[in-house]
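Enquirer: Before I ask anything, let me first share the structure, which is written out below as structure tokens.
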Amino acid sequence: MDFETARREINKLKEMIKKYDEEYYINSMPSISDAEYDNLRKQLLALEKKFPELDTVDSPSHIVSGHANTAFKKVKHNIPMLSLDNAFNLDEIESFISRIAKHLNEDKDTIQFCGEHKIDGLSASIIYVDGKLNIASTRGDGVIGEDITENIKTITNIPKKIQTDIKVLEIRGEVYMPIQVFNTLNESEIHKFSNPRNAASGALRQLDPAITASRRLAFFAYYADADCLKTQDETLKFLQDLGFETTEYCVCTGIKEIDAFYNKVLCNRKALQYDIDGTVFKLNDLSKQQIIGCASRYPRHSIAFKFPEDIYRTKIVNVEYNVGRSGTITPVAVLNPVTILGVLITKATLHNFDEMQRLGICTNDTVLIKRSGDVIPQIIGVDVQLREKDCIKYSIPTTCPSCNANLVTDSARVYCPNHSNCRAQIIQYIAYFVSKQCFNVVGLGKAQIELFIDNNLVKKPVDIFKLSNFATDIRTMLGSRITAKILDSIENSKNVALYRLILSLAIPQVGITSAKLLAKRFQNIENFCHCTKEQLIEINGIGESMASDIVEFLQNTKNIKNINELLQYIHLTDTIS
Ligand code: IVH
């Protein structure tokens, strides 16, 4: 691979990883599996290793994924909350042990590790001052998390007071939703979560602790910052004595014992009342953990030994074509419903047409679905032996399922070019425009947007800012309380940072990180609208293909007209805050 291609590939991977981080940590709605996500990171790391000049400090390969949610007060972690490196087989465990043995200059067969369950939840830090629960926070981006003290206090198996002489004691562990609670919650019509982890994440992020309390979360502790502790197993005993629950654990010496613990947990996992996606092995001696140290994203002394993914089978009922906000058509498989670890799965994204064609999906095909850890199941293949003789292969549609316009295919996507008149596209775009990351209009969901479009109140995003002219009509449709909330929020959203305006334009490939880079570089909207491809490529983090998309977007006079119209309603406050 030449330098330029690597640069483009790295930029593409960074954008994708950031997008998936956002889906996972902010929206609690991952659209790809852990394995695919890990694979993207691996590809990025490999390319950055091969082309060190392209390895920038802001690369997601150096950053612990996750972001602090702005609705909560921020808390700075005294010790960063890192992630864990993954191993998927014994060879990878072997190299992990060998690296440690070499570093410590010890025999690899005598080093002790503490094996635990890898709970599929969300990590939390809880600080006790004088034995009283004082402040609790999420991991956030690893350095700054969200203050979730009130929500944590609703978790019944977390002691509010502990017996200790330690003045300030930090405990860390995993918040999770017991499977039973998840199943009951998902039986109701309102709460549909793809898995217990997402449900737990949603519950923990409630601004009203009473709602968190009703979701009956639980906690497993696995870390205590106390100088008196010498080993990890001692830490777990110490935590139990304080009144915390820990998972089953076992001190393992050498790879055979590690493998035995892993297999035992793997066999018994279905009997557990909580989801786990593997085991964790930590160097047992805490002073040796200090010697081994940490990489930027994860400690070198601990590793997650992940379980293989479960594979299920079901039949394809249909393939539907979703229209995205910029017109991109995405194939979605409608499935014969299948329950996977308590979750009823009826649809699975096929991501894009390359993927659909790679799988060669035909009518009535039996497909293999993979569920790894906590994610939305993915179609990984077709059982061709069960394929019906007279089946018909699903093909790329030629017309838009929403507006019937002829679709356009370019190297990257199939899309509907009827941007200003395609109903599905307009709904998606307006929903994106008002979403939290763009103009952040509260209370305006897809249902309300559809209502406004059908009643001719809104045709394009800027019309949102004219809605106050129709207050009486809206009140009749939605009632005065909701109308007031929406109109208030629209007023507030008019004061907006430049990067949010750029993001809201829905320029293909431009995500939140790129929008911030653009705002920082060009400082005001006029400069941005007049930017050249050369200027764009000079920005570290903007690749050639994104630069072309930006320039093409800005060369379209319709888009400039829209921006100018928007500027009549909004007030740019800042560049990136
Ligand atoms: S140790 C050093 N122990 O897995 C940072 N983490 O994929 C890791 N997790 O962020 C903390 N069970 O949220 C540790 N027994 C366990 C765990 C565990 C689940 C989570 C934790 C971490 C993530 C990494």
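As shown in the structure tokens, the chain order sets the letters A, B, ...; within each chain, residues go from 1, and ligands are also counted from 1 in the order they appear.
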Dump as JSON lines the rows for residues of chain A within 8 Å of ligand 1: closest atom pair and distance in Å with one decimal, only C-alpha atoms and all ligand atoms counted, ordered by chain and rising residue number.
Expert:
```
{"residue": "A:Met81", "atom": "CA", "partner": "ligand 1", "partner_atom_place_in_ligand_line": "5 (C)", "distance": 6.0}
{"residue": "A:Leu82", "atom": "CA", "partner": "ligand 1", "partner_atom_place_in_ligand_line": "5 (C)", "distance": 4.4}
{"residue": "A:Ser83", "atom": "CA", "partner": "ligand 1", "partner_atom_place_in_ligand_line": "10 (O)", "distance": 4.2}
{"residue": "A:Leu84", "atom": "CA", "partner": "ligand 1", "partner_atom_place_in_ligand_line": "24 (C)", "distance": 4.2}
{"residue": "A:Asp85", "atom": "CA", "partner": "ligand 1", "partner_atom_place_in_ligand_line": "7 (O)", "distance": 7.1}
{"residue": "A:Asn86", "atom": "CA", "partner": "ligand 1", "partner_atom_place_in_ligand_line": "7 (O)", "distance": 7.6}
{"residue": "A:Gly115", "atom": "CA", "partner": "ligand 1", "partner_atom_place_in_ligand_line": "15 (N)", "distance": 8.0}
{"residue": "A:Glu116", "atom": "CA", "partner": "ligand 1", "partner_atom_place_in_ligand_line": "15 (N)", "distance": 5.1}
{"residue": "A:His117", "atom": "CA", "partner": "ligand 1", "partner_atom_place_in_ligand_line": "15 (N)", "distance": 5.1}
{"residue": "A:Lys118", "atom": "CA", "partner": "ligand 1", "partner_atom_place_in_ligand_line": "12 (N)", "distance": 3.5}
{"residue": "A:Ile119", "atom": "CA", "partner": "ligand 1", "partner_atom_place_in_ligand_line": "12 (N)", "distance": 4.0}
{"residue": "A:Asp120", "atom": "CA", "partner": "ligand 1", "partner_atom_place_in_ligand_line": "19 (C)", "distance": 5.9}
{"residue": "A:Gly121", "atom": "CA", "partner": "ligand 1", "partner_atom_place_in_ligand_line": "13 (O)", "distance": 6.5}
{"residue": "A:Leu122", "atom": "CA", "partner": "ligand 1", "partner_atom_place_in_ligand_line": "13 (O)", "distance": 5.1}
{"residue": "A:Ser123", "atom": "CA", "partner": "ligand 1", "partner_atom_place_in_ligand_line": "13 (O)", "distance": 3.9}
{"residue": "A:Ala124", "atom": "CA", "partner": "ligand 1", "partner_atom_place_in_ligand_line": "13 (O)", "distance": 7.5}
{"residue": "A:Arg139", "atom": "CA", "partner": "ligand 1", "partner_atom_place_in_ligand_line": "10 (O)", "distance": 7.7}
{"residue": "A:Arg172", "atom": "CA", "partner": "ligand 1", "partner_atom_place_in_ligand_line": "11 (C)", "distance": 7.8}
{"residue": "A:Gly173", "atom": "CA", "partner": "ligand 1", "partner_atom_place_in_ligand_line": "18 (C)", "distance": 6.9}
{"residue": "A:Glu174", "atom": "CA", "partner": "ligand 1", "partner_atom_place_in_ligand_line": "13 (O)", "distance": 5.8}
{"residue": "A:Ala221", "atom": "CA", "partner": "ligand 1", "partner_atom_place_in_ligand_line": "15 (N)", "distance": 8.0}
{"residue": "A:Tyr222", "atom": "CA", "partner": "ligand 1", "partner_atom_place_in_ligand_line": "3 (N)", "distance": 5.7}
{"residue": "A:Tyr223", "atom": "CA", "partner": "ligand 1", "partner_atom_place_in_ligand_line": "1 (S)", "distance": 7.1}
{"residue": "A:Thr247", "atom": "CA", "partner": "ligand 1", "partner_atom_place_in_ligand_line": "15 (N)", "distance": 7.4}
{"residue": "A:Ile276", "atom": "CA", "partner": "ligand 1", "partner_atom_place_in_ligand_line": "12 (N)", "distance": 7.8}
{"residue": "A:Thr279", "atom": "CA", "partner": "ligand 1", "partner_atom_place_in_ligand_line": "15 (N)", "distance": 7.1}
{"residue": "A:Val280", "atom": "CA", "partner": "ligand 1", "partner_atom_place_in_ligand_line": "15 (N)", "distance": 5.5}
{"residue": "A:Lys282", "atom": "CA", "partner": "ligand 1", "partner_atom_place_in_ligand_line": "1 (S)", "distance": 7.8}
{"residue": "A:Tyr298", "atom": "CA", "partner": "ligand 1", "partner_atom_place_in_ligand_line": "2 (C)", "distance": 6.1}
{"residue": "A:Pro299", "atom": "CA", "partner": "ligand 1", "partner_atom_place_in_ligand_line": "2 (C)", "distance": 5.6}
{"residue": "A:Ser302", "atom": "CA", "partner": "ligand 1", "partner_atom_place_in_ligand_line": "2 (C)", "distance": 7.0}
{"residue": "A:Ala304", "atom": "CA", "partner": "ligand 1", "partner_atom_place_in_ligand_line": "7 (O)", "distance": 6.9}
```
Enquirer: To test your reading of the structure, identify every residue in segment 322-544 of chain A that backbone DSSP assigns to strand (DSSP E), and report it as a count of residues only.
Expert: 38
Enquirer: Please provide as a PyMOL selection string all residues within 8 Å of Pro337 of chain A, with the sequence filter that same-chain residues fewer than 2 positions apart are discarded (counting only C-alpha atoms).
Expert: chain A and resi 314+335+339+344-347
Enquirer: Kindly give the distance, in Å, that separates atom CA of Pro397 of chain A and atom CA of Cys416 of chain A, rounded to a single decimal.
Expert: 10.6 Å
Enquirer: What parts of segment 248-336 of chain A does DSSP call alpha helix (DSSP H)? I'd like the answer as a ChimeraX atom specification.
Expert: /A:254-268,286-292
Enquirer: Neighbours of segment 464-472 of chain A within 9 Å (only C-alpha atoms; same-chain residues fewer than 2 positions away dropped), as a short mmCIF file (atom, residue, chain, number, x, y, z; two decimals) with N, CA and C atoms, in the first residue's frame?
Expert:
```cif
data_model
loop_
_atom_site.label_atom_id
_atom_site.label_comp_id
_atom_site.auth_asym_id
_atom_site.auth_seq_id
_atom_site.Cartn_x
_atom_site.Cartn_y
_atom_site.Cartn_z
N ILE A 430 -34.15 15.90 8.69
CA ILE A 430 -34.60 16.84 9.73
C ILE A 430 -34.37 16.23 11.11
N VAL A 434 -32.08 18.16 13.96
CA VAL A 434 -32.51 18.60 15.31
C VAL A 434 -31.91 17.71 16.41
N LEU A 457 -46.07 22.07 7.39
CA LEU A 457 -45.46 23.11 8.23
C LEU A 457 -43.95 23.15 7.99
N VAL A 458 -43.41 22.02 7.56
CA VAL A 458 -41.97 21.89 7.39
C VAL A 458 -41.68 21.17 6.08
N LYS A 459 -40.75 21.71 5.30
CA LYS A 459 -40.33 21.04 4.06
C LYS A 459 -38.83 20.76 4.10
N LYS A 460 -38.11 21.65 4.76
CA LYS A 460 -36.66 21.50 4.87
C LYS A 460 -36.20 21.97 6.27
N PRO A 461 -34.95 21.63 6.66
CA PRO A 461 -34.53 21.92 8.04
C PRO A 461 -34.78 23.35 8.50
N VAL A 462 -34.49 24.33 7.65
CA VAL A 462 -34.62 25.71 8.13
C VAL A 462 -36.05 26.02 8.57
N ILE A 474 -49.80 23.79 15.93
CA ILE A 474 -49.04 22.75 16.63
C ILE A 474 -49.71 22.42 17.96
N ARG A 475 -50.21 23.46 18.63
CA ARG A 475 -50.91 23.23 19.91
C ARG A 475 -52.10 22.31 19.71
N THR A 476 -52.80 22.50 18.59
CA THR A 476 -53.96 21.64 18.33
C THR A 476 -53.50 20.19 18.12
N MET A 477 -52.34 20.03 17.49
CA MET A 477 -51.87 18.67 17.21
C MET A 477 -51.24 18.00 18.42
N SER A 480 -50.63 21.98 24.51
CA SER A 480 -49.85 23.19 24.76
C SER A 480 -48.53 22.91 25.48
N THR A 483 -45.96 21.60 22.95
CA THR A 483 -45.68 22.66 21.98
C THR A 483 -44.74 23.69 22.61
N ALA A 484 -45.05 24.08 23.83
CA ALA A 484 -44.20 25.09 24.50
C ALA A 484 -42.78 24.55 24.64
N LEU A 487 -41.09 24.57 21.12
CA LEU A 487 -40.79 25.93 20.62
C LEU A 487 -39.70 26.61 21.46
N ILE A 490 -36.45 25.13 20.40
CA ILE A 490 -36.03 25.65 19.09
C ILE A 490 -35.38 27.02 19.27
N GLU A 491 -36.00 27.86 20.12
CA GLU A 491 -35.43 29.19 20.37
C GLU A 491 -34.01 29.06 20.89
N LYS A 494 -31.09 28.14 18.54
CA LYS A 494 -30.62 29.11 17.54
C LYS A 494 -29.22 29.63 17.87
N LEU A 566 -30.32 29.64 6.55
CA LEU A 566 -30.16 29.25 7.96
C LEU A 566 -29.56 30.39 8.78
N TYR A 569 -31.55 32.89 10.69
CA TYR A 569 -32.28 32.51 11.91
C TYR A 569 -31.38 32.22 13.10
N ILE A 570 -30.13 31.84 12.81
CA ILE A 570 -29.31 31.36 13.93
C ILE A 570 -28.25 32.39 14.31
#
```
Enquirer: Would you kindly return, as number ranges by chain, each protein, DNA or RNA residue with an atom no farther than 10 Å from any atom of segment 541-558 of chain A, considering only C-alpha atoms and excluding same-chain residues fewer than 6 positions away?
Expert: A: 4-5, 7-12, 14-15, 54, 56, 58-59, 420, 505-510, 513-515, 517-518, 528-535, 564
Enquirer: Counting only C-alpha atoms, which of A:Val384, A:Ala218, A:Ile100, A:Ile329 gets nearest to Ile179 of chain A?
Expert: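 Ranking A:Val384, A:Ala218, A:Ile100, A:Ile329 by distance to Ile179 of chain A, first place goes to A:Ala218.
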Enquirer: Atom CA of Asn524 of chain A to atom CA of Gln568 of chain A: how many Å, to one decimal?
Expert: 15.0 Å
Enquirer: Applying 12 Å and only C-alpha atoms, which residues near Ile426 of chain A remain after dropping the ones on its own chain fewer than 6 positions away? List them as a PDB file with N, CA, C and O atoms, in the first residue's frame.
Expert:
```
ATOM      1  N   VAL A 323     -33.804   4.477   3.574  1.00  0.00           N
ATOM      2  CA  VAL A 323     -33.238   5.681   2.954  1.00  0.00           C
ATOM      3  C   VAL A 323     -32.646   6.547   4.062  1.00  0.00           C
ATOM      4  O   VAL A 323     -33.348   6.903   5.004  1.00  0.00           O
ATOM      5  N   GLY A 324     -31.380   6.860   3.952  1.00  0.00           N
ATOM      6  CA  GLY A 324     -30.716   7.655   4.990  1.00  0.00           C
ATOM      7  C   GLY A 324     -30.853   9.150   4.734  1.00  0.00           C
ATOM      8  O   GLY A 324     -31.419   9.572   3.738  1.00  0.00           O
ATOM      9  N   ARG A 325     -30.271   9.958   5.649  1.00  0.00           N
ATOM     10  CA  ARG A 325     -30.478  11.416   5.576  1.00  0.00           C
ATOM     11  C   ARG A 325     -29.854  12.060   4.337  1.00  0.00           C
ATOM     12  O   ARG A 325     -30.292  13.106   3.890  1.00  0.00           O
ATOM     13  N   SER A 326     -28.790  11.439   3.793  1.00  0.00           N
ATOM     14  CA  SER A 326     -28.212  12.008   2.567  1.00  0.00           C
ATOM     15  C   SER A 326     -28.639  11.178   1.374  1.00  0.00           C
ATOM     16  O   SER A 326     -28.036  11.256   0.314  1.00  0.00           O
ATOM     17  N   GLY A 327     -29.634  10.347   1.565  1.00  0.00           N
ATOM     18  CA  GLY A 327     -30.174   9.561   0.453  1.00  0.00           C
ATOM     19  C   GLY A 327     -29.560   8.172   0.314  1.00  0.00           C
ATOM     20  O   GLY A 327     -30.007   7.386  -0.520  1.00  0.00           O
ATOM     21  N   SER A 402     -38.920   5.228  -1.388  1.00  0.00           N
ATOM     22  CA  SER A 402     -39.791   6.258  -0.837  1.00  0.00           C
ATOM     23  C   SER A 402     -40.375   7.159  -1.924  1.00  0.00           C
ATOM     24  O   SER A 402     -41.572   7.391  -1.952  1.00  0.00           O
ATOM     25  N   CYS A 403     -39.521   7.655  -2.855  1.00  0.00           N
ATOM     26  CA  CYS A 403     -40.024   8.663  -3.805  1.00  0.00           C
ATOM     27  C   CYS A 403     -39.974   8.179  -5.241  1.00  0.00           C
ATOM     28  O   CYS A 403     -40.348   8.901  -6.151  1.00  0.00           O
ATOM     29  N   CYS A 416     -30.336   8.044  -3.329  1.00  0.00           N
ATOM     30  CA  CYS A 416     -31.449   8.708  -3.995  1.00  0.00           C
ATOM     31  C   CYS A 416     -31.035  10.168  -4.175  1.00  0.00           C
ATOM     32  O   CYS A 416     -30.743  10.845  -3.190  1.00  0.00           O
ATOM     33  N   PRO A 417     -30.988  10.659  -5.408  1.00  0.00           N
ATOM     34  CA  PRO A 417     -30.494  12.028  -5.626  1.00  0.00           C
ATOM     35  C   PRO A 417     -31.564  13.096  -5.384  1.00  0.00           C
ATOM     36  O   PRO A 417     -31.268  14.286  -5.410  1.00  0.00           O
ATOM     37  N   ASN A 418     -32.777  12.643  -5.093  1.00  0.00           N
ATOM     38  CA  ASN A 418     -33.893  13.581  -4.965  1.00  0.00           C
ATOM     39  C   ASN A 418     -33.907  14.206  -3.561  1.00  0.00           C
ATOM     40  O   ASN A 418     -34.888  14.103  -2.820  1.00  0.00           O
ATOM     41  N   HIS A 419     -32.758  14.858  -3.211  1.00  0.00           N
ATOM     42  CA  HIS A 419     -32.579  15.292  -1.818  1.00  0.00           C
ATOM     43  C   HIS A 419     -33.692  16.205  -1.299  1.00  0.00           C
ATOM     44  O   HIS A 419     -34.094  16.107  -0.158  1.00  0.00           O
ATOM     45  N   SER A 420     -34.204  17.106  -2.151  1.00  0.00           N
ATOM     46  CA  SER A 420     -35.155  18.065  -1.587  1.00  0.00           C
ATOM     47  C   SER A 420     -36.611  17.612  -1.623  1.00  0.00           C
ATOM     48  O   SER A 420     -37.452  18.249  -1.007  1.00  0.00           O
ATOM     49  N   TYR A 432     -32.028  14.303  11.951  1.00  0.00           N
ATOM     50  CA  TYR A 432     -30.593  14.468  12.223  1.00  0.00           C
ATOM     51  C   TYR A 432     -30.296  15.929  12.576  1.00  0.00           C
ATOM     52  O   TYR A 432     -29.581  16.216  13.540  1.00  0.00           O
ATOM     53  N   PHE A 433     -30.868  16.845  11.813  1.00  0.00           N
ATOM     54  CA  PHE A 433     -30.640  18.274  11.994  1.00  0.00           C
ATOM     55  C   PHE A 433     -30.988  18.724  13.417  1.00  0.00           C
ATOM     56  O   PHE A 433     -30.296  19.531  14.020  1.00  0.00           O
ATOM     57  N   LYS A 446     -39.047  11.679  15.406  1.00  0.00           N
ATOM     58  CA  LYS A 446     -39.474  11.400  14.021  1.00  0.00           C
ATOM     59  C   LYS A 446     -40.995  11.547  13.868  1.00  0.00           C
ATOM     60  O   LYS A 446     -41.476  12.056  12.862  1.00  0.00           O
ATOM     61  N   ILE A 449     -41.927  15.115  13.516  1.00  0.00           N
ATOM     62  CA  ILE A 449     -41.413  15.636  12.241  1.00  0.00           C
ATOM     63  C   ILE A 449     -42.347  15.189  11.106  1.00  0.00           C
ATOM     64  O   ILE A 449     -42.714  15.979  10.233  1.00  0.00           O
ATOM     65  N   GLU A 450     -42.740  13.922  11.126  1.00  0.00           N
ATOM     66  CA  GLU A 450     -43.644  13.412  10.079  1.00  0.00           C
ATOM     67  C   GLU A 450     -44.954  14.192  10.086  1.00  0.00           C
ATOM     68  O   GLU A 450     -45.490  14.548   9.043  1.00  0.00           O
ATOM     69  N   PHE A 452     -45.436  17.264  11.102  1.00  0.00           N
ATOM     70  CA  PHE A 452     -45.220  18.619  10.562  1.00  0.00           C
ATOM     71  C   PHE A 452     -45.095  18.585   9.042  1.00  0.00           C
ATOM     72  O   PHE A 452     -45.591  19.466   8.350  1.00  0.00           O
ATOM     73  N   ILE A 453     -44.416  17.546   8.539  1.00  0.00           N
ATOM     74  CA  ILE A 453     -44.244  17.446   7.083  1.00  0.00           C
ATOM     75  C   ILE A 453     -45.615  17.198   6.432  1.00  0.00           C
ATOM     76  O   ILE A 453     -45.988  17.861   5.469  1.00  0.00           O
ATOM     77  N   ASP A 454     -46.380  16.280   7.011  1.00  0.00           N
ATOM     78  CA  ASP A 454     -47.675  15.944   6.420  1.00  0.00           C
ATOM     79  C   ASP A 454     -48.651  17.117   6.479  1.00  0.00           C
ATOM     80  O   ASP A 454     -49.568  17.201   5.680  1.00  0.00           O
ATOM     81  N   VAL A 458     -43.414  22.020   7.560  1.00  0.00           N
ATOM     82  CA  VAL A 458     -41.970  21.887   7.394  1.00  0.00           C
ATOM     83  C   VAL A 458     -41.680  21.166   6.078  1.00  0.00           C
ATOM     84  O   VAL A 458     -42.305  20.149   5.778  1.00  0.00           O
ATOM     85  N   LYS A 459     -40.751  21.712   5.298  1.00  0.00           N
ATOM     86  CA  LYS A 459     -40.329  21.035   4.063  1.00  0.00           C
ATOM     87  C   LYS A 459     -38.833  20.761   4.101  1.00  0.00           C
ATOM     88  O   LYS A 459     -38.329  19.827   3.517  1.00  0.00           O
ATOM     89  N   LYS A 460     -38.108  21.653   4.762  1.00  0.00           N
ATOM     90  CA  LYS A 460     -36.658  21.498   4.874  1.00  0.00           C
ATOM     91  C   LYS A 460     -36.205  21.972   6.266  1.00  0.00           C
ATOM     92  O   LYS A 460     -36.982  22.649   6.960  1.00  0.00           O
ATOM     93  N   PRO A 461     -34.946  21.629   6.663  1.00  0.00           N
ATOM     94  CA  PRO A 461     -34.531  21.924   8.037  1.00  0.00           C
ATOM     95  C   PRO A 461     -34.779  23.346   8.495  1.00  0.00           C
ATOM     96  O   PRO A 461     -35.265  23.548   9.612  1.00  0.00           O
ATOM     97  N   VAL A 462     -34.493  24.331   7.652  1.00  0.00           N
ATOM     98  CA  VAL A 462     -34.616  25.710   8.126  1.00  0.00           C
ATOM     99  C   VAL A 462     -36.051  26.018   8.574  1.00  0.00           C
ATOM    100  O   VAL A 462     -36.275  26.864   9.451  1.00  0.00           O
ATOM    101  N   ASP A 463     -37.017  25.291   8.022  1.00  0.00           N
ATOM    102  CA  ASP A 463     -38.419  25.531   8.394  1.00  0.00           C
ATOM    103  C   ASP A 463     -38.670  25.294   9.887  1.00  0.00           C
ATOM    104  O   ASP A 463     -39.633  25.820  10.448  1.00  0.00           O
ATOM    105  N   ALA A 506     -24.968  17.816   7.024  1.00  0.00           N
ATOM    106  CA  ALA A 506     -24.982  16.408   6.573  1.00  0.00           C
ATOM    107  C   ALA A 506     -24.144  16.223   5.312  1.00  0.00           C
ATOM    108  O   ALA A 506     -24.555  15.541   4.374  1.00  0.00           O
TER     109      ALA A 506
END
```
